[in-house]
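Structure data (CSV, C-alpha atoms) from query_2.csv:
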```csv
chain,number,residue,atom,x,y,z
A,1176,MET,CA,160.5,18.1,44.2
A,1177,LYS,CA,157.6,19.1,46.4
A,1178,GLN,CA,155.7,20.2,43.3
A,1179,MET,CA,156.2,16.8,41.7
A,1180,ARG,CA,155.0,15.1,44.9
A,1181,LYS,CA,151.9,17.3,44.9
A,1182,ASN,CA,151.2,16.4,41.3
A,1183,ASN,CA,151.7,12.7,42.0
A,1184,LEU,CA,149.3,12.9,44.9
A,1185,SER,CA,146.7,14.7,42.8
A,1186,ILE,CA,146.9,12.1,40.1
A,1187,PHE,CA,146.7,9.3,42.7
A,1188,ALA,CA,143.6,11.0,44.2
A,1189,VAL,CA,141.9,11.3,40.8
A,1190,VAL,CA,142.7,7.6,39.9
A,1191,LEU,CA,141.5,6.5,43.3
A,1192,SER,CA,138.2,8.5,42.9
A,1193,LEU,CA,137.6,7.0,39.5
A,1194,PHE,CA,138.2,3.5,40.9
A,1195,LEU,CA,135.8,4.0,43.7
A,1196,VAL,CA,133.1,5.5,41.4
A,1197,GLY,CA,133.6,2.5,39.1
A,1198,ILE,CA,133.0,0.1,42.0
A,1199,ILE,CA,129.8,1.9,43.0
A,1200,VAL,CA,128.5,1.9,39.4
A,1201,TYR,CA,129.4,-1.8,39.0
A,1202,ASN,CA,127.7,-2.7,42.2
A,1203,ASP,CA,124.6,-0.7,41.2
A,1204,ASN,CA,124.6,-2.5,37.8
A,1205,VAL,CA,124.9,-5.9,39.5
A,1206,LYS,CA,122.0,-5.0,41.7
A,1207,SER,CA,120.0,-4.0,38.7
A,1208,ILE,CA,120.8,-7.2,36.9
A,1209,ALA,CA,119.9,-9.3,39.9
A,1210,TYR,CA,116.7,-7.4,40.3
A,1211,LEU,CA,115.7,-7.9,36.7
A,1212,THR,CA,116.6,-11.6,37.0
A,1213,SER,CA,114.6,-12.2,40.2
A,1214,SER,CA,111.6,-10.3,38.9
A,1215,SER,CA,111.5,-12.3,35.7
A,1216,PRO,CA,108.4,-14.6,35.4
A,1217,PHE,CA,110.9,-17.5,35.1
A,1218,SER,CA,113.9,-17.2,37.4
A,1219,SER,CA,115.5,-19.2,40.3
A,1220,LEU,CA,114.3,-19.4,43.9
A,1221,PHE,CA,115.9,-21.1,46.8
A,1222,GLU,CA,114.9,-23.5,49.5
A,1223,ASP,CA,117.3,-24.4,52.3
A,1224,GLY,CA,120.2,-23.2,50.1
A,1225,GLY,CA,119.2,-25.3,47.1
A,1226,ALA,CA,118.2,-23.7,43.8
A,1227,VAL,CA,114.9,-24.3,42.2
A,1228,GLU,CA,115.7,-24.4,38.5
A,1229,LEU,CA,112.9,-22.7,36.6
A,1230,PRO,CA,112.5,-22.9,32.8
A,1231,PRO,CA,113.3,-19.9,30.6
A,1232,GLU,CA,110.6,-17.4,30.2
A,1233,GLU,CA,110.2,-18.1,26.5
A,1234,CYS,CA,109.8,-21.9,26.9
A,1235,ASP,CA,106.5,-23.4,25.9
A,1236,LEU,CA,105.5,-25.6,28.8
A,1237,PHE,CA,102.5,-27.1,26.9
A,1238,THR,CA,104.2,-28.6,23.9
A,1239,GLY,CA,106.1,-31.8,24.6
A,1240,LYS,CA,105.7,-35.5,25.2
A,1241,TRP,CA,105.0,-38.0,28.0
A,1242,VAL,CA,108.0,-39.8,29.4
A,1243,PHE,CA,107.8,-43.0,31.5
A,1244,ASP,CA,109.5,-42.2,34.8
A,1245,ASN,CA,108.9,-44.4,37.8
A,1246,LYS,CA,111.7,-42.8,39.7
A,1247,THR,CA,110.2,-39.4,40.3
A,1248,HIS,CA,106.5,-40.1,39.6
A,1249,PRO,CA,104.1,-40.4,41.2
A,1250,LEU,CA,104.8,-37.3,43.3
A,1251,TYR,CA,103.0,-38.9,46.3
A,1252,LYS,CA,101.4,-42.2,47.2
A,1253,GLU,CA,97.6,-42.7,47.3
A,1254,GLU,CA,97.7,-44.1,50.8
A,1255,GLN,CA,99.8,-41.1,52.0
A,1256,CYS,CA,97.1,-38.5,51.4
A,1257,GLU,CA,94.2,-38.8,53.8
A,1258,PHE,CA,92.3,-36.1,52.0
A,1259,LEU,CA,91.7,-37.9,48.8
A,1260,THR,CA,88.0,-38.7,48.2
A,1261,GLU,CA,86.7,-42.1,47.1
A,1262,GLN,CA,86.0,-40.8,43.7
A,1263,VAL,CA,89.7,-40.7,42.7
A,1264,THR,CA,91.4,-43.4,44.7
A,1265,CYS,CA,91.5,-45.9,41.8
A,1266,LEU,CA,94.0,-48.3,43.3
A,1267,ARG,CA,92.1,-48.6,46.5
A,1268,ASN,CA,88.9,-49.1,44.5
A,1269,GLY,CA,90.3,-52.1,42.7
A,1270,ARG,CA,92.4,-50.9,39.8
A,1271,LYS,CA,95.2,-53.5,39.3
A,1272,ASP,CA,97.7,-51.5,37.0
A,1273,SER,CA,99.5,-48.5,38.4
A,1274,LEU,CA,101.6,-47.4,35.4
A,1275,PHE,CA,99.3,-44.4,34.8
A,1276,GLN,CA,101.0,-42.8,37.8
A,1277,ASN,CA,104.5,-43.1,36.3
A,1278,TRP,CA,104.3,-40.7,33.3
A,1279,ARG,CA,106.1,-37.4,33.5
A,1280,TRP,CA,105.3,-34.5,31.2
A,1281,GLN,CA,108.4,-33.3,29.3
A,1282,PRO,CA,108.1,-30.0,27.5
A,1283,ARG,CA,110.0,-30.0,24.2
A,1284,ASP,CA,112.6,-27.3,24.9
A,1285,CYS,CA,112.9,-27.2,28.7
A,1286,SER,CA,111.8,-29.1,31.9
A,1287,LEU,CA,109.3,-28.4,34.6
A,1288,PRO,CA,110.9,-27.7,38.0
A,1289,LYS,CA,110.9,-30.3,40.7
A,1290,PHE,CA,107.8,-29.7,42.9
A,1291,LYS,CA,108.9,-28.6,46.3
A,1292,ALA,CA,106.0,-28.2,48.7
A,1293,ARG,CA,107.8,-25.8,51.1
A,1294,VAL,CA,108.7,-23.4,48.2
A,1295,LEU,CA,105.0,-23.2,47.2
A,1296,LEU,CA,103.9,-22.8,50.9
A,1297,GLU,CA,106.3,-19.9,51.3
A,1298,LYS,CA,104.7,-18.3,48.3
A,1299,LEU,CA,101.3,-19.0,49.9
A,1300,ARG,CA,102.2,-17.7,53.4
A,1301,ASN,CA,99.4,-15.5,54.6
A,1302,LYS,CA,97.6,-16.0,51.3
A,1303,ARG,CA,94.6,-17.8,49.7
A,1304,LEU,CA,94.7,-20.1,46.7
A,1305,MET,CA,91.2,-20.9,45.4
A,1306,PHE,CA,90.1,-23.2,42.6
A,1307,VAL,CA,86.7,-22.2,41.2
A,1308,GLY,CA,84.6,-24.3,38.9
A,1309,ASP,CA,83.4,-27.9,38.3
A,1310,SER,CA,84.4,-31.3,39.5
A,1311,LEU,CA,87.5,-31.3,37.3
A,1312,ASN,CA,88.8,-28.2,39.2
A,1313,ARG,CA,87.9,-30.1,42.4
A,1314,ASN,CA,90.0,-33.0,40.9
A,1315,GLN,CA,92.9,-30.5,40.6
A,1316,TRP,CA,92.3,-29.0,44.0
A,1317,GLU,CA,92.5,-32.5,45.6
A,1318,SER,CA,95.7,-33.0,43.8
A,1319,MET,CA,97.1,-29.7,45.1
A,1320,VAL,CA,96.1,-30.6,48.7
A,1321,CYS,CA,97.9,-33.9,48.4
A,1322,LEU,CA,101.0,-32.2,47.0
A,1323,VAL,CA,101.4,-29.8,49.9
A,1324,GLN,CA,100.0,-31.7,52.9
A,1325,SER,CA,102.9,-34.1,53.3
A,1326,VAL,CA,105.2,-31.4,54.8
A,1327,ILE,CA,102.6,-30.2,57.2
A,1328,PRO,CA,102.7,-31.7,60.7
A,1329,PRO,CA,99.6,-33.6,62.0
A,1330,GLY,CA,97.2,-31.4,63.8
A,1331,ARG,CA,98.4,-28.3,61.9
A,1332,LYS,CA,96.1,-28.9,58.8
A,1333,GLY,CA,92.5,-29.6,58.2
A,1334,LEU,CA,89.4,-29.4,56.0
A,1335,ASN,CA,86.1,-27.7,56.5
A,1336,GLN,CA,83.2,-27.0,54.2
A,1337,THR,CA,80.7,-24.2,54.3
A,1338,GLY,CA,78.1,-24.2,51.5
A,1339,SER,CA,79.9,-24.2,48.1
A,1340,LEU,CA,83.3,-23.5,49.6
A,1341,THR,CA,85.7,-26.2,50.9
A,1342,THR,CA,88.9,-25.0,52.6
A,1343,PHE,CA,92.1,-26.8,53.4
A,1344,GLN,CA,93.8,-24.9,56.2
A,1345,ILE,CA,97.6,-24.8,56.7
A,1346,GLN,CA,98.1,-23.3,60.1
A,1347,ASP,CA,101.9,-22.8,60.2
A,1348,TYR,CA,101.7,-20.7,57.1
A,1349,ASN,CA,98.4,-19.0,57.7
A,1350,ALA,CA,97.5,-20.2,54.2
A,1351,THR,CA,94.5,-21.9,52.6
A,1352,VAL,CA,94.0,-24.0,49.5
A,1353,GLU,CA,90.3,-23.7,48.6
A,1354,PHE,CA,87.7,-25.1,46.2
A,1355,TYR,CA,84.5,-23.2,45.3
A,1356,TRP,CA,81.8,-25.1,43.4
A,1357,ALA,CA,80.4,-23.1,40.4
A,1358,PRO,CA,80.2,-25.5,37.4
A,1359,PHE,CA,79.1,-22.8,35.0
A,1360,LEU,CA,80.8,-20.0,36.8
A,1361,VAL,CA,77.6,-18.0,36.4
A,1362,GLU,CA,74.4,-18.7,38.3
A,1363,SER,CA,72.6,-22.0,37.4
A,1364,ASN,CA,70.2,-24.5,38.8
A,1365,SER,CA,73.1,-26.8,39.5
A,1366,ASP,CA,74.9,-24.7,42.0
A,1367,ASP,CA,74.1,-26.9,45.0
A,1368,PRO,CA,77.5,-28.6,45.8
A,1369,ARG,CA,75.8,-31.8,47.0
A,1370,LYS,CA,72.6,-32.0,44.9
A,1371,HIS,CA,73.3,-31.0,41.3
A,1372,SER,CA,72.3,-34.1,39.3
A,1373,ILE,CA,69.8,-32.3,37.3
A,1374,ILE,CA,68.7,-33.3,33.8
A,1375,ASP,CA,67.5,-29.9,32.6
A,1376,ARG,CA,70.5,-27.7,33.4
A,1377,ILE,CA,69.6,-24.0,33.1
A,1378,ILE,CA,71.9,-21.0,33.4
A,1379,MET,CA,71.7,-17.3,33.9
A,1380,PRO,CA,74.7,-16.2,31.8
A,1381,GLU,CA,74.6,-12.5,32.9
A,1382,SER,CA,74.4,-13.3,36.6
A,1383,ILE,CA,77.5,-14.0,38.6
A,1384,GLU,CA,77.5,-11.8,41.7
A,1385,LYS,CA,76.2,-14.6,44.0
A,1386,HIS,CA,79.3,-16.5,43.3
A,1387,GLY,CA,81.7,-13.6,42.8
A,1388,VAL,CA,81.3,-12.2,46.3
A,1389,ASN,CA,83.1,-15.4,47.5
A,1390,TRP,CA,86.1,-14.8,45.2
A,1391,LYS,CA,87.1,-11.4,46.5
A,1392,ASP,CA,90.3,-10.9,48.6
A,1393,VAL,CA,91.8,-14.2,47.2
A,1394,ASP,CA,95.4,-14.0,46.2
A,1395,PHE,CA,95.5,-16.8,43.5
A,1396,LEU,CA,92.3,-17.6,41.6
A,1397,VAL,CA,92.2,-20.7,39.3
A,1398,PHE,CA,89.0,-20.9,37.2
A,1399,ASN,CA,87.7,-23.6,34.9
A,1400,SER,CA,84.4,-24.4,33.2
A,1401,TYR,CA,83.9,-26.9,30.4
A,1402,ILE,CA,82.5,-30.4,31.1
A,1403,TRP,CA,79.0,-29.2,32.2
A,1404,TRP,CA,78.6,-27.4,28.8
A,1405,MET,CA,79.1,-30.7,26.9
A,1406,ASN,CA,76.0,-32.6,27.8
A,1407,THR,CA,73.9,-31.0,25.1
A,1408,VAL,CA,74.4,-29.2,21.8
A,1409,SER,CA,72.4,-26.2,23.0
A,1410,ILE,CA,72.3,-24.6,26.4
A,1411,LYS,CA,69.1,-23.6,28.3
A,1412,VAL,CA,69.2,-19.9,29.2
A,1413,LEU,CA,66.6,-18.7,31.8
A,1414,ARG,CA,64.2,-16.0,31.0
A,1415,GLY,CA,64.2,-13.9,34.2
A,1416,SER,CA,65.5,-15.0,37.6
A,1417,PHE,CA,65.6,-18.1,39.7
A,1418,ASP,CA,64.8,-15.9,42.7
A,1419,GLU,CA,61.6,-14.8,41.1
A,1420,GLY,CA,60.6,-18.4,40.4
A,1421,ASP,CA,60.9,-18.1,36.6
A,1422,THR,CA,61.0,-21.4,34.7
A,1423,GLU,CA,60.8,-20.5,31.0
A,1424,TYR,CA,64.0,-20.6,29.0
A,1425,ASP,CA,65.5,-20.2,25.6
A,1426,GLU,CA,67.9,-22.7,24.0
A,1427,ILE,CA,71.1,-21.2,22.6
A,1428,ARG,CA,74.0,-22.7,20.8
A,1429,ARG,CA,76.7,-23.9,23.1
A,1430,PRO,CA,79.5,-21.5,21.8
A,1431,ILE,CA,77.3,-18.5,22.0
A,1432,ALA,CA,76.1,-19.2,25.5
A,1433,TYR,CA,79.7,-20.0,26.6
A,1434,GLU,CA,81.0,-16.7,25.3
A,1435,ARG,CA,78.1,-14.9,27.1
A,1436,MET,CA,79.2,-16.5,30.3
A,1437,LEU,CA,82.9,-15.6,29.7
A,1438,ARG,CA,82.0,-11.9,29.0
A,1439,THR,CA,80.1,-11.8,32.3
A,1440,TRP,CA,83.0,-13.5,34.1
A,1441,GLY,CA,85.5,-11.2,32.4
A,1442,ASP,CA,83.6,-8.1,33.4
A,1443,TRP,CA,83.4,-9.2,37.0
A,1444,VAL,CA,87.1,-9.9,37.1
A,1445,ASP,CA,88.0,-6.5,35.6
A,1446,ASP,CA,85.6,-4.7,38.0
A,1447,ASN,CA,86.6,-6.5,41.2
A,1448,ILE,CA,90.1,-7.8,40.9
A,1449,ASP,CA,93.2,-5.8,41.8
A,1450,PRO,CA,96.0,-7.3,39.6
A,1451,LEU,CA,98.6,-6.0,42.0
A,1452,ARG,CA,97.2,-8.3,44.7
A,1453,THR,CA,95.5,-11.2,42.9
A,1454,THR,CA,96.9,-13.5,40.1
A,1455,VAL,CA,94.2,-15.0,37.9
A,1456,PHE,CA,94.5,-18.3,36.0
A,1457,PHE,CA,92.0,-20.0,33.7
A,1458,MET,CA,92.5,-23.7,33.0
A,1459,SER,CA,91.7,-24.9,29.5
A,1460,MET,CA,89.4,-27.8,28.9
A,1461,SER,CA,89.9,-31.2,30.5
A,1462,PRO,CA,89.2,-33.7,27.7
A,1463,LEU,CA,87.0,-36.8,27.6
A,1464,HIS,CA,88.0,-40.2,26.1
A,1465,ILE,CA,84.7,-41.9,25.2
A,1466,LYS,CA,85.3,-43.3,21.7
A,1467,SER,CA,88.1,-45.9,21.6
A,1468,MET,CA,88.0,-45.8,17.8
A,1469,ASP,CA,89.4,-42.2,18.1
A,1470,TRP,CA,92.8,-43.7,19.1
A,1471,GLY,CA,92.6,-46.7,16.9
A,1472,ASN,CA,91.3,-49.4,19.3
A,1473,PRO,CA,88.1,-50.9,17.8
A,1474,GLU,CA,87.9,-53.5,20.6
A,1475,GLY,CA,88.0,-50.9,23.4
A,1476,ILE,CA,85.1,-49.9,25.6
A,1477,LEU,CA,85.2,-46.1,26.3
A,1478,CYS,CA,88.4,-45.6,28.3
A,1479,ALA,CA,88.1,-48.8,30.2
A,1480,LEU,CA,91.2,-51.1,30.4
A,1481,GLU,CA,93.4,-48.5,28.8
A,1482,THR,CA,96.9,-48.7,30.4
A,1483,THR,CA,99.1,-46.4,28.3
A,1484,PRO,CA,98.8,-42.9,26.9
A,1485,ILE,CA,98.1,-42.4,23.2
A,1486,LEU,CA,101.4,-42.9,21.6
A,1487,ASN,CA,100.3,-42.3,18.0
A,1488,LYS,CA,102.3,-39.2,17.1
A,1489,SER,CA,100.3,-38.6,13.9
A,1490,MET,CA,97.2,-37.7,15.9
A,1491,VAL,CA,96.5,-33.9,16.1
A,1492,PHE,CA,96.3,-32.6,19.6
A,1493,ASN,CA,96.8,-29.2,21.1
A,1494,VAL,CA,95.2,-27.7,18.1
A,1495,GLY,CA,94.4,-24.4,19.8
A,1496,THR,CA,92.8,-21.9,17.4
A,1497,ASN,CA,94.4,-23.3,14.2
A,1498,TYR,CA,91.0,-23.3,12.4
A,1499,ARG,CA,89.9,-26.6,13.9
A,1500,GLN,CA,86.7,-26.8,15.8
A,1501,PHE,CA,87.2,-30.2,17.4
A,1502,SER,CA,90.3,-32.3,18.1
A,1503,GLU,CA,90.6,-35.9,17.0
A,1504,ILE,CA,89.1,-37.1,20.3
A,1505,GLY,CA,86.2,-34.6,20.1
A,1506,THR,CA,87.4,-31.8,22.4
A,1507,ASP,CA,85.3,-28.7,21.5
A,1508,TYR,CA,88.0,-26.1,20.7
A,1509,ARG,CA,85.4,-23.5,19.8
A,1510,LEU,CA,85.2,-22.9,23.6
A,1511,PHE,CA,89.0,-22.8,23.8
A,1512,SER,CA,89.0,-20.0,21.2
A,1513,SER,CA,86.3,-18.1,23.2
A,1514,VAL,CA,88.5,-18.2,26.3
A,1515,GLU,CA,91.5,-16.9,24.3
A,1516,ASN,CA,89.5,-14.1,22.8
A,1517,VAL,CA,87.9,-12.9,26.0
A,1518,THR,CA,91.0,-13.2,28.2
A,1519,GLN,CA,93.1,-11.3,25.7
A,1520,SER,CA,90.6,-8.4,25.8
A,1521,MET,CA,90.5,-8.0,29.5
A,1522,ARG,CA,92.2,-5.3,31.7
A,1523,VAL,CA,93.3,-7.8,34.3
A,1524,PRO,CA,96.0,-10.1,33.1
A,1525,ILE,CA,94.8,-13.7,32.8
A,1526,HIS,CA,97.2,-16.7,32.7
A,1527,PHE,CA,95.5,-19.1,30.3
A,1528,LEU,CA,97.0,-22.6,31.1
A,1529,ASN,CA,96.6,-24.8,28.1
A,1530,ILE,CA,96.5,-28.3,29.7
A,1531,THR,CA,94.1,-29.7,27.0
A,1532,GLY,CA,96.6,-31.0,24.4
A,1533,LEU,CA,98.8,-32.8,26.9
A,1534,SER,CA,95.8,-34.3,28.6
A,1535,GLU,CA,94.3,-35.6,25.4
A,1536,TYR,CA,97.1,-38.2,25.2
A,1537,ARG,CA,96.0,-39.6,28.6
A,1538,LYS,CA,93.3,-42.1,27.8
A,1539,ASP,CA,94.8,-44.4,30.5
A,1540,ALA,CA,94.5,-42.0,33.4
A,1541,HIS,CA,90.7,-41.7,33.9
A,1542,THR,CA,88.9,-43.2,36.9
A,1543,SER,CA,87.0,-45.5,34.6
A,1544,VAL,CA,85.1,-48.1,36.7
A,1545,TYR,CA,87.3,-47.6,39.8
A,1546,THR,CA,85.2,-44.8,41.2
A,1547,ILE,CA,81.8,-43.8,42.6
A,1548,LYS,CA,78.4,-43.1,41.2
A,1549,GLN,CA,75.7,-41.1,43.0
A,1550,GLY,CA,78.0,-41.2,46.1
A,1551,ASN,CA,78.5,-45.0,46.2
A,1552,LEU,CA,81.5,-47.1,45.1
A,1553,LEU,CA,80.7,-49.1,42.0
A,1554,THR,CA,79.9,-52.7,42.8
A,1555,ARG,CA,81.8,-55.6,41.2
A,1556,GLU,CA,78.9,-56.1,38.8
A,1557,GLN,CA,78.9,-52.5,37.8
A,1558,GLN,CA,82.7,-52.6,37.3
A,1559,ASN,CA,82.2,-55.4,34.9
A,1560,ASP,CA,79.9,-53.3,32.8
A,1561,PRO,CA,82.2,-50.4,31.7
A,1562,ALA,CA,80.0,-49.5,28.7
A,1563,THR,CA,77.4,-48.3,31.2
A,1564,TYR,CA,79.5,-47.2,34.2
A,1565,ALA,CA,83.0,-46.2,33.1
A,1566,ASP,CA,83.8,-42.6,34.1
A,1567,CYS,CA,86.0,-41.2,31.3
A,1568,ILE,CA,85.8,-37.6,32.6
A,1569,HIS,CA,87.5,-37.6,35.9
A,1570,TRP,CA,91.1,-38.6,36.7
A,1571,CYS,CA,92.7,-41.0,39.2
A,1572,LEU,CA,95.0,-39.5,41.9
A,1573,PRO,CA,97.9,-39.6,42.0
A,1574,GLY,CA,97.8,-38.9,38.2
A,1575,LEU,CA,97.3,-36.4,35.5
A,1576,PRO,CA,96.0,-33.4,37.6
A,1577,ASP,CA,99.4,-33.5,39.4
A,1578,THR,CA,100.9,-32.4,36.1
A,1579,TRP,CA,98.5,-29.6,35.8
A,1580,ASN,CA,99.6,-28.5,39.3
A,1581,GLU,CA,103.3,-28.8,38.4
A,1582,ILE,CA,102.6,-26.2,35.7
A,1583,LEU,CA,100.5,-24.0,38.0
A,1584,TYR,CA,103.3,-24.3,40.6
A,1585,THR,CA,105.8,-23.1,38.0
A,1586,TYR,CA,103.8,-20.0,37.4
A,1587,ILE,CA,103.1,-19.3,41.1
A,1588,ILE,CA,106.7,-19.6,42.4
A,1589,SER,CA,107.9,-17.6,39.4
A,1590,LYS,CA,105.8,-14.6,40.4
A,1591,SER,CA,107.6,-11.8,42.2
A,1592,SER,CA,106.4,-11.2,45.8
```
Let me see the structure of the file written as structure tokens.
Amino acid sequence: MKQMRKNNLSIFAVVLSLFLVGIIVYNDNVKSIAYLTSSSPFSSLFEDGGAVELPPEECDLFTGKWVFDNKTHPLYKEEQCEFLTEQVTCLRNGRKDSLFQNWRWQPRDCSLPKFKARVLLEKLRNKRLMFVGDSLNRNQWESMVCLVQSVIPPGRKGLNQTGSLTTFQIQDYNATVEFYWAPFLVESNSDDPRKHSIIDRIIMPESIEKHGVNWKDVDFLVFNSYIWWMNTVSIKVLRGSFDEGDTEYDEIRRPIAYERMLRTWGDWVDDNIDPLRTTVFFMSMSPLHIKSMDWGNPEGILCALETTPILNKSMVFNVGTNYRQFSEIGTDYRLFSSVENVTQSMRVPIHFLNITGLSEYRKDAHTSVYTIKQGNLLTREQQNDPATYADCIHWCLPGLPDTWNEILYTYIISKSS
């Protein structure tokens, strides 16, 4: 009897041991699964107990359609953001229609997460987010400032400018959202952030250090460079140095000069950026809408008076590198291909955000005649002459750049800390 009791106890001990080991292994597996999920580029985060639903990692955020949505868009009101410049405040400047603010980008196979400023600010706590490039990147920077500033108490936020750098400070998070003016990324004679209306724009495609020294120790870098390359078919490349007073230049085909710039930029990033600390983005080209015949409106004048996106589904946008040099509205995709080729060959991972195709639909979203020229708001007479004065390059805010930032936001909050 005693022997049987001992045997039963032995069997019970073995079973109990196996059960406990099973629990430990199960818990470890659950932890591993949770870790893999939370470290995935597209996972779920939480704010005040509520989940932020992120799209699946494999979802293409850049292929989709524009959906009219006046319930969730715009994401903020023009009058609620004191930091908007006169260049982009189209309603205040006299634009009567506001439907351009109510379009939401809907990816084909998923949805963009709802923008939550506090979630982004937690990601930016003790960090720097810097936009580097031309006035289109400044357009996007203004949008980002407006998207986050509403949750920051008065007196705990502010702007300051030093040279080419403008900084939006967020005191409670010890964070900054910055913009650095460098329209060609490399050194040029247009690098003065205030005085850059120069007819003969000249670049030094192998010289970047003067700018690059300002990009070090930044946690999120967002680059762009396109519109300043589009003024002429060829680009003027300096022989020598601006510092030495050299003035002679060679004229080089745009794609060749652009790729030389990209190689210089890529080398700088690879030599100076620690990918464990800094995440690097490159925004694709922001398109122009200057020929209304391109979207089937023979009576149109540039982008003026356009109130809806291009809805012709037969038009070819987002062509990428599918052996097309230009899209149907004239976007130079040769430069797109150069960015793809250079970024794919770099040591530091680059997130190339293809906002071009989705933006090509938005002929309605430009500042048009509701903006400034040479620092002054267009007069009524100038507004009545859109053929001369319409700006079909920059975008009204709230507006399209908010969508660019919704996509950028998705990538930033998906990044593991």
So, counting only C-alpha atoms, which residue among A:Phe1354, A:Asn1364, A:Gly1471, A:Tyr1401 is closest to Asp1421 in chain A?
A:Asn1364
As a count of residues only, please: the residues near Ser1372 in chain A (cut-off 9 Å, all atoms listed in the file, same-chain neighbours under 4 positions excluded).
3
Contacts of Met1468 in chain A at 10 Å (all atoms listed in the file; same-chain gap of 5+ positions) as a PDB file with C-alpha atoms, in the frame of the given file:
```
ATOM      1  CA  PRO A1473      88.100 -50.900  17.800  1.00  0.00           C
ATOM      2  CA  GLU A1474      87.900 -53.500  20.600  1.00  0.00           C
ATOM      3  CA  GLY A1475      88.000 -50.900  23.400  1.00  0.00           C
ATOM      4  CA  ILE A1476      85.100 -49.900  25.600  1.00  0.00           C
ATOM      5  CA  LEU A1477      85.200 -46.100  26.300  1.00  0.00           C
ATOM      6  CA  ILE A1504      89.100 -37.100  20.300  1.00  0.00           C
TER       7      ILE A1504
END
```
How would you write as a PyMOL selection string the residues that get within 10 Å of (101.1, -40.2, 32.0) in the file's frame, counting only C-alpha atoms?
chain A and resi 1240-1244+1248-1249+1274-1280+1482-1485+1533-1534+1536-1540+1574-1575+1578
Which residues come within 12 Å of Pro1282 in chain A, counting only C-alpha atoms, excluding same-chain residues fewer than 3 positions away, as a PyMOL selection string?
chain A and resi 1230-1231+1234-1242+1279+1285-1288+1530+1532-1533+1578+1581-1582
Which residues are near Ala1565 in chain A? Cut-off 6 Å, all atoms listed in the file, ignore same chain within fewer than 3 positions. Put them as a list in words.
Ser1543, Val1544 and Pro1561 of chain A
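Between CA of Thr1546 in chain A and CA of Thr1247 in chain A the interatomic distance comes to 25.6 Å.
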Name the residues in contact with Pro1576 in chain A at a cut-off of 9 Å, using all atoms listed in the file, excluding same-chain residues fewer than 2 positions from it; report them as an MDAnalysis selection string.
chainID A and resid 1311 1314:1319 1570:1574 1578:1581
Nearest-residue call for Asn1516 in chain A, choices A:Gln1558, A:Pro1450, A:Glu1434, A:Gln1262, using all atoms listed in the file
A:Glu1434
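With CA of Ala1350 in chain A on one side and CA of Arg1369 in chain A on the other, the separation reads 25.6 Å.
Distance annotation: of A:Phe1395, A:Tyr1355, A:Tyr1564, A:Tyr1251, the residue with the minimal separation from Gly1308 in chain A is A:Tyr1355; atom set is only C-alpha atoms.
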Show me as a PyMOL selection string the residues that reach within 12 Å of (92.4, -33.1, 54.0), counting all atoms listed in the file and using the file's own coordinates.
chain A and resi 1255-1260+1316-1325+1327+1329-1336+1341-1345+1351-1353
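Proximity ranking of A:Ser1273, A:Gln1346, A:Asn1399, A:Ser1363 relative to Asn1312 in chain A places A:Asn1399 first, based on all atoms listed in the file.
Proximity ranking of A:Arg1555, A:His1541, A:Lys1252, A:Lys1590 relative to His1526 in chain A places A:Lys1590 first, based on all atoms listed in the file.
Of note, CA of Val1514 in chain A and CA of Asp1367 in chain A are spaced 25.2 Å apart.
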